[in-house]
Each structure stands twice: as C-alpha cells, then as structure tokens.
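Since the structure comes first, as structure tokens, the remarks are kept for the end.
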Amino acid sequence: MKWALFLVLLCTVALLGSKPASGSYLDVPRIHFSGQYRADVNTRNNWPCNFDPNNPIYEPQEWNYNGTADWEFVDTVVTAVVDENGNEVQNSPLLGARVFSNEDRPFAKIVDIDVDFQVSTVYGLHFGLRKGTEKMFQGDWSTSVLVHDMWYKMKCAIPNHHDAIFGAQSTTKITNIEWSSAESSQKLRAATMCPDCTGDLTVSITISMYSNVNFTIGEVNGTIGVSKTGEPMNVGGQRKLETADPGTLQFPPGHICLKHDQEEQKPWTYGAPFQLDESRSTLVVDLGNALPVQNENIPIDFGPLWFGAFDDESVQIFGNPIPYLDESMWNQGGIFEQTVDSDTLNLLKTSKLVVVVESNATAPGSHVYPIRGAFPSLGSEVVQLLLSETAYFIRPTDYYMDRLEYSDSTGSNVKDTSDMTLLVTYFGEPVGDAEVTVQGTYNQQGQTVLPLGGVLAAETTKTTNSSGLVTFTFQVSRPIPLKRRYIGNPCLETENEADKHGMEPHRRKFALKRGVKREVQKAKQTVMDVQHVLPIDGQLYNFFYCLGTECTVPDDGGLFLYKAVLSFLAFSTVNYTTPYTWEDHVQPIFEQFYHLHYIMRTILDLNNFTEVTQFHNIQLLKLSLSLDFLDPNYMPVTRDLSPTKQAMILGWLDNPRYSSTSDNDPHLRPLPVCQSPPSPTYAKVPSLSHFHPPRCLLKNIPFDVDPEKEDAYFHSIFLDERHPTLREAAMDPPRPLFAYGSDQEDSEMGRALPIEPFVPVCNIDNVRDQLQKAVQLEFYTLPLYLTALYSIMEHCNVEAYHLIRNITMQEMLHFTQAANTLIGIGGTVRIDDPEFVPSYPATGLPGGVLPNLTVSLKKFDLLHVYNNFMAIETPALTFVGRPEPEYTLNTIGQLYKEIKLCLKILGEDIYPPGTEEKQVQWPWQVPADTNVGSVYIVTSFESAKAGIDQIVEQGEGANPFNPNDSITGQYAHFYRFEEIVCQKRLILTENGYAYDGLPIPYNPAGVWPMRDSPSKDDIIPGTKCRTEAKAFHRVYRNFLRVLDATFNGAPEKISEAVELMEALQVHAKKTMWTPYNKVSTCGPVWDYEWD
C-alpha cells in the first residue's frame, strides 16, 4: 500500500472505530518502534538519610552517584507499520525511521515524585520521528508517569541487577506538534485533524531490562497512534486484562522455571490494555507489559496461550494461539490482533476476556476452569487463567500526581487545591451513577509519620456522571512540617548495627538495602517507637481509588501504588524575613543540594558562597530557577523545592548577602582537598610536572623603550626560542584577505606589508567568506580548551582551571562577535555543518592561520598548554628587546586586522538595515566591571571595529609593549596561558613585566588521565565508555543545532545554547572519569557525526 494512501486513511479508519475512551494507539493504522532508552538516574537522592548533610553517604545506593537524571531514546527505530486493515506494510518508507528525543535541547529528566515514593516521571521530553534528513514531526511529550503498571517482569532467572527485573508501561500524548513542510508530513498532520481527533498523537511505551550493568540502558517498545477525544492521557485501552494471579504453574520437565521458587515468581502476568474494533470485527490486545521474560528479554514459554470469553464458571476459547514467542509480534510492540466472528464479538461485549494456558489438572480448581464447547486444538478439558479482565475499569483521565502548598495567608496565590478526574467504564462503556471512593494510603516504604489531615479530599465518595467521569478536589488543609519524621532510625548503616537488632544473617543484605526499617520492625518493635527526623521538605500523601464506598488495599507487595493511586507532595509556605542571607536562608538549602547532586559540582560548588556569587554563576542560577517547571534544565532537577523557598533564593540572588551584618564571607575557609571522586581503578599516566619552557626562566631584562609609548614593556624572546615549531608553522606563504602594494601601509603597524604587487580582492563576498572563517576559527578553540578544562579534577589545579574557564568564555564572546559582524554585513553564519566543525588532530587553523601547526585534543598539562594554547594565541607583533617590532605572518591577530581594513575600505554601505534584530547578545546584561567583555551589535564600521579590536586585544594584548587588554584590564590570553606554564603570576616590576608573582600550582595527579584525541572509532561497543561518550556527543550535536538556529534568525535561543554548554560540561566530566582501558579514561568525542 502506498504511504500517501496510508496517511489519508489514518483519519478515516480512526473515525470508523471511535467510541468514548477509545485507546487510540490500539487503533489502526499504527506505527511501532523498538530500541533502547537511557535513564541516567541519580542514586544518591534515592535514600532519605542522604538528605541530611551530616550523615555519611549511604554506599549501597551509590552505583550511579554521579547520575545526571537524563532520559532519552537511544538507537530506537520504526520496526513495523500497520495499515487500516491491520496488515503489516512491508515496504513502508517509515521503516527504519529514527525515533529522536530532545534533538535540539537538553536531555529530558527522569524524576521521582519523592524519595519515599520512587515513581518516576519524565519532564521536558521532546519526541519525534526522522527519516534521513526529514523530520516527520516533533512535539512535546506530555508529563506522564514512566513506571505505570510496574511489576516484576523478569522471571525464572538471576538478573544482573535488581532493577532489571522490572517492566512498566507508560502512555501519553504528544502535543504542540511541529510538522515539516514535506508532503508526507502534511498528510500525517491532516490525519490528526479528523472530527473525533484532538490534533495530537498518542504514544504508549513498554520499558524493561534496565540495569546499571548495561550502564543505565534498558529496552523499549512503543506504538504511535492518533489521539481521540475523551481518551485518558496516561492509561491506554478501552478495557484491561489483569493478572489472574494463578497458583503454581505446571511446566514441562526441564523447564527453566522449575529451578526457581514459583511462589516468589508471582504474579506471573500483569496488565494488558485491549479494545474491540467492531468495524473490523477484531480484538486488539497489548501484551507488551503482560507476559514475563527471562534473561536477554526472551519470553518465557508457557506453552500455547489462547484467548477466551469467561463467565466466571467456564471459558469459551476462540481464535488462533497467541504468537507471543514470535519476533513479529514484538516488532509490533507486543500488540496482537485476533479476528473474531459476530457471535464472539457480541459475547465479548458482556463477558470477560481471558488469556489461558492448557492445564493437565484432572478437574477444575484454583484458577482452573472447564472449557465450553468442543475445541479440538486442546488436549485437555480444563484451562488455567493467566490474565482475566476486570469488567469495571477505573483510571485517571490525566497526570495523576501534583504538588501543593499550604498558606495561612488569606488571598495567597499559592496552589493549595488540585482536581483529579477518574473515568469508570464497564466492558468499555462509560458508567453513570457509579459510586467511587478515594482513600488515603501509605507511601512506598510505609515508615513515614504523616501529619494527619495534611491533604484531604473535599468528598471521599462521589458518583460518576453520564460520561462515566467523577472529579475529586483535594486540598492541603494544615501546615506541613519542614522536616520529615520516620518510625525508627532509617539510617542504620553497618552490619553491626543490624546485628544489634537480632536480624538473621541471610536478611542483612536486604535489610541494609532498605535501611533496616522493615526487618528491625519485625525484630524489635521497641526500637521503632523512637521517631527519627530528617531535613526533607514536604510530605507525600497517596490516595487509593476504587468502586464502592470503602476500598480494600490489594495485598500485592505494593505494586498497586504504581497503577491505582493519586499522589500529592505538599509543602508549607515559609515566611522568610528580609534581608535574605546566605548564612541563615540559602546555605542550608544549597548544602543539601551539594550533598545530593554530585554531578552539580562539575558546574559549581553550591556549598561555597564565593563561587556561588560569581557573576556568571548567579546568572546561571537565576536562569535555571526561573525556567518553566517542565523545562529539562529546571532547578532543582528533583523538583522538590517549595515555591516560597524558590522565590526566596531568587530574591537573594538579586542581592547576595552573606549575613545580616556582612555582604561577604568573613571567614577564611580552607580550600577543599584535591581528590578524585569514587571511580574504577586505573593506572595514572606520568605527567610532566617538571616542565619549564625557556620563557619562564627569564627575569627582568634591561631595555630601552620610548617612554611616550609605554611605561614598561613585556619582555619576550624570539619565536624560535619560545616555540621551536611555531616559526615553521606560521611562515607559510601568507594568506591575505587582499594584497597590498609597496605604497600601502598598515597604520597600526606603522610599516608597509611585504606583499606586492597590489591585487584588488577586497570585496563584500571575500570579506564575508573571511568572517565565516573567523567564526570557524573561534569555534576551533572551544573543543581544544574545553577538553583540557574538563580533564581537571574537582578542587584541583584551581587557579589554572579558572584562568582557562575565563579564556573559554571570552572565546565564546569572540565567536559571537565574529558572527554578529558577519550578520551585520548581510552574511549568513553556517555552524551545523560537517565542513564547519573541527576534527582532531588537525593541521593548521581556519583562515590560513598557523597552517603547519598540529592541534590535538589532550588532557590538561603544561606541555600541551605550551605547544598548543600559547601557539594559537601568539601575537602578530612582539617586541624582542630592540626598538623595532618583529612582524609575524599568519596569526589570528593578522587575520582580524586584514578583515578590519577591508571593512574600512568598503565603507558604510555594506551594513543593511534590520540586521541588528538577528544579532546575538548575552542572555543577561553584563555589567561593565565583569572580566568577560562586551558583545557589540554591528551596524557600522565603528561598531565592527570595536568588536574586532576587543577580540585582538583579549588574545594578544593592547600593543606589543602591554600584555593587558584595554577592555577588561586582564592579561591577554597568550600571557595568561604562559602564567600557567610558568606556574607564576605575571607582575609588573620596576624593570618591567616578569613571571615572579604568586604561584599557580600544577598538580598532575589532579588531572584525569584522558586518552589523546578521543574518537568514537576505537571505543569497544557495549562499554560504559561508549555509552557516556555517545551521550556527550548527542549533547554536542544538540548544541550545534541550537547555536546554528541562534545565529540564523532566532537570537533568543542563546539561553538554550548556554544551558547546553552547561550540559556539555556535565557529560564531558562523566567521560573523563569513565575508564577507557587500564591506563586512561574515555574523554569526550567532538566529531560531527557519530554513525
């Protein structure tokens, strides 16, 4: 069938089979996909005791202490397309299309609603399909519980890690969809606009096999359909099968499950949404999360499984065996279609659907029932139920978790109420006048002392309307304590402490895993009478829902919490008094974040007043705390900061005082110890700690200089002494923008340039081309400098770290300024292009700069800074101890000076009106006293000249005699890099400049031993190095896309680019401490393409 016809029929078929509460992803046509997901969870905040900074970190929860909370689809592709007849389209052009997530923004975040109720939700996920370069669609993944219907899916096997045993299903809508202009995309868009459609898409995924052994990777299968009116967002299907919770199953001799305690394996099956498509006389069942698997995600073979109609006494079997062992069914997300005749269709409208397996019992018994009528395919007259429908199906219509805040102030605008709507159906049809009850229940662990009446339902029992809907209003009705109380002490840490409470040896491991709470309760109840207080803000209230006037909580080990509760995290308004201070208000909150979120330390130390109050960090914090709650980069990532605390912190950031009596920290605190975080053991690579280039050994050399030019000059030595290879690298035939005759003179240099005869090539096309090369040149420095920066361990080589970081920020400014200049003269900036992005090692820099210089990505060490960083920033003019300057060809400064001269020659007519709206500024106002510099909007030669002068001065100094730039008063990049190499600050003495200032210590043990020029090509598949390097690479590609959009008509996206720069740092740090082999670590991969 042609794809165009398939898309046109999508609307028509959806309308034919529609009915109230339709499970649209089960309708036809459907798109199925399969692959993997990555959930880089942070395990440090999985344990309540870690919320107290005074407690030692609880090691059993540390398997992913540096998790980023990222969530994304990985290597996931379309595996099947089903047409309007339920037939698989073998030649669909969608086959192999890639499922992408957050392609042009930071990764989505996976967050538990609370430490005591680890039900995960995904925030900020952007979902789409791409075939080649064409994006079929992309849109926002509506907030949904990722682990709905979670259960113990892996059976009869010993998993590598306990998380691998779980399976779960999540259903949601894709909203705010952006469609491409391609014909196929527009036809798909038209399909979502049919009368019964909402304009959205519905996606249902089944996740399983998640394990830290596979480096935060799990398996995912999914299905895409068109959303329908009245369809619940987070729960799919018109009707639902549930586990029949059978007793001991009968397996053939030698079956793997006979080696395991069958009682511990229950339940054997779980939930399966389904619907009857009457227009096609077809039963459609989603078994993706219903049947168990063993290792390698292989379905367990129960023998033939059949569908049947059940009247509570006997089973009428129909149709063909369910092909649950065939790969084709799983290529369709575990969805199976069974054609039924009219009698069976009518029977299923009032009978329960069941899934059965043949039983060799001689008579009916527990979960074993006789079959009705003859069914020759069975060799027995009785069958055992594996799945059985619940005739009444009750579920929320929307996201069923919320955050509330109590306030004792009248007229307060805090959110203190929440409405939750439930839908009740009977055999798929809405039920009116049905009584529904909500009843408070305990949290996941069941050991928190909840303040009674914290969150209450206005009415606990209500009746449904004619559409089967009932809405309950919940309100936080009393002050919520700012700390949380636990029954007993959940922070017992050692086996000795466990022994004190009389636990049996074989229970210790489990007890320690769960904080000894339940086991201690069983062993010594008196210990549990003592309440333990932890600084956890907010209280979690769960409400179970059911039909009738009284609910009976299922005895299923707490699995019901993942499918039949409404959850509320309640806070109290905190009445802070101004002025807000670090000491009294902010530091206790930030110290907790510092303790819980190790990965944040790669960006800034939240426990350090001086670092937090740096201008750049204040702006980052303001940006993160002010983002939309659903934004991936919202801070805190756990989304457990009460609104009043958030407002207080933002107020403090506007006026960051240390205490009520002091603006600054009056205490001299010792610097943290330079030490690496916990990581696998590997050998340290020797480093050149003794390295000193000749330049550092020179002292105050006497000189004579015209006092009218400068009071003192920076003494330097010949290029061939400073960089033995630099003269060869620089002295290729020059690459002028245009050539000068002997009568042409550079007024700034005061001398004629040595190129003749005159060649008039200064024109608008050439200067635009050279500015594009300048943009590319500035970008080339970023991976180089950032890789070295990221390789420095936490609290190590601190002075060098801050010098390189500031230089890198200025390089971003130079990049922006060069791009603004190109835009200002009517040019187009090209960034997301394989011809633009550097590949390392590289020979020479763009624009003909230092054409023979070899540039490599390496970890931070002095020789690397000397050979690469200083060479790149070499001044075009340098004073060598005599009155006349030495002129060097092919430097960055010369490239910019030639561009500037050409812009001057071309005059003012090259600046078209309206370009200033397309140019980029910092995402926040930069004060004049910052050490970064200013971004100029280019509308004339004067503004272009100001921007270019700043670039040159920040790189090589104000002039040959002065190492400072005239904008910020800092030393130029060349001299700051040389400070690092010399391990001394550059100071002005009575006789001139010398590296005789305060020391800049170099500790080679404080640098991760990253391999040189990291590449994807030599990473072993399936290793953690590959997982982390690929995650970094995806952030890098997203950064390139956003940067390209920013400088091509969407300057407001600069904030997103800044967010992605911070994400780059986080993921690069993870590659730095991930082993590559026994002697080196992985390192970030900066290639343009991965595959």
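Chain identifiers are assigned as A, B, and so on, following the order in which chains appear in the structure tokens; residues are numbered from 1 within each chain, and ligands are numbered from 1 in order of appearance.
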
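Residues of region 7-200 of chain A carrying a DSSP assignment of alpha helix (DSSP H), computed from the backbone, are Leu7, Val8, Leu9, Leu10, Cys11, Thr12, Val13, Ala14, Leu15, Leu16, Glu183, Ser184, Ser185, Gln186, Lys187, Leu188, Arg189, Ala190 and Ala191 of chain A.
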
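Interatomic distance, CA of Gln265 (chain A) against CA of Glu327 (chain A): 24.4 Å.
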
Shell around Gln262 (chain A) at 8 Å using only C-alpha atoms, local window under 3 positions removed, as a PyMOL selection string:
chain A and resi 248-249+257-258+265-266

Can you list, as number ranges by chain, every residue of region 353-397 of chain A that DSSP puts in strand (DSSP E or B)?
A: 353-358, 365, 368-371, 382-389, 392-396

Proximity of region 124-188 of chain A to region 631-636 of chain A: per-residue shortest pair, 12 Å limit, only C-alpha atoms, as JSON lines:
{"residue": "A:Gly124", "atom": "CA", "partner": "A:Pro632", "partner_atom": "CA", "distance": 4.7}
{"residue": "A:Leu125", "atom": "CA", "partner": "A:Pro632", "partner_atom": "CA", "distance": 7.6}
{"residue": "A:His126", "atom": "CA", "partner": "A:Pro632", "partner_atom": "CA", "distance": 9.9}
{"residue": "A:Asp140", "atom": "CA", "partner": "A:Asp631", "partner_atom": "CA", "distance": 10.8}
{"residue": "A:Trp141", "atom": "CA", "partner": "A:Asp631", "partner_atom": "CA", "distance": 11.6}
{"residue": "A:Ser142", "atom": "CA", "partner": "A:Asp631", "partner_atom": "CA", "distance": 11.8}
{"residue": "A:Thr143", "atom": "CA", "partner": "A:Asp631", "partner_atom": "CA", "distance": 11.0}

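CA of Thr192 (chain A) sits 18.9 Å away from CA of Asn234 (chain A).
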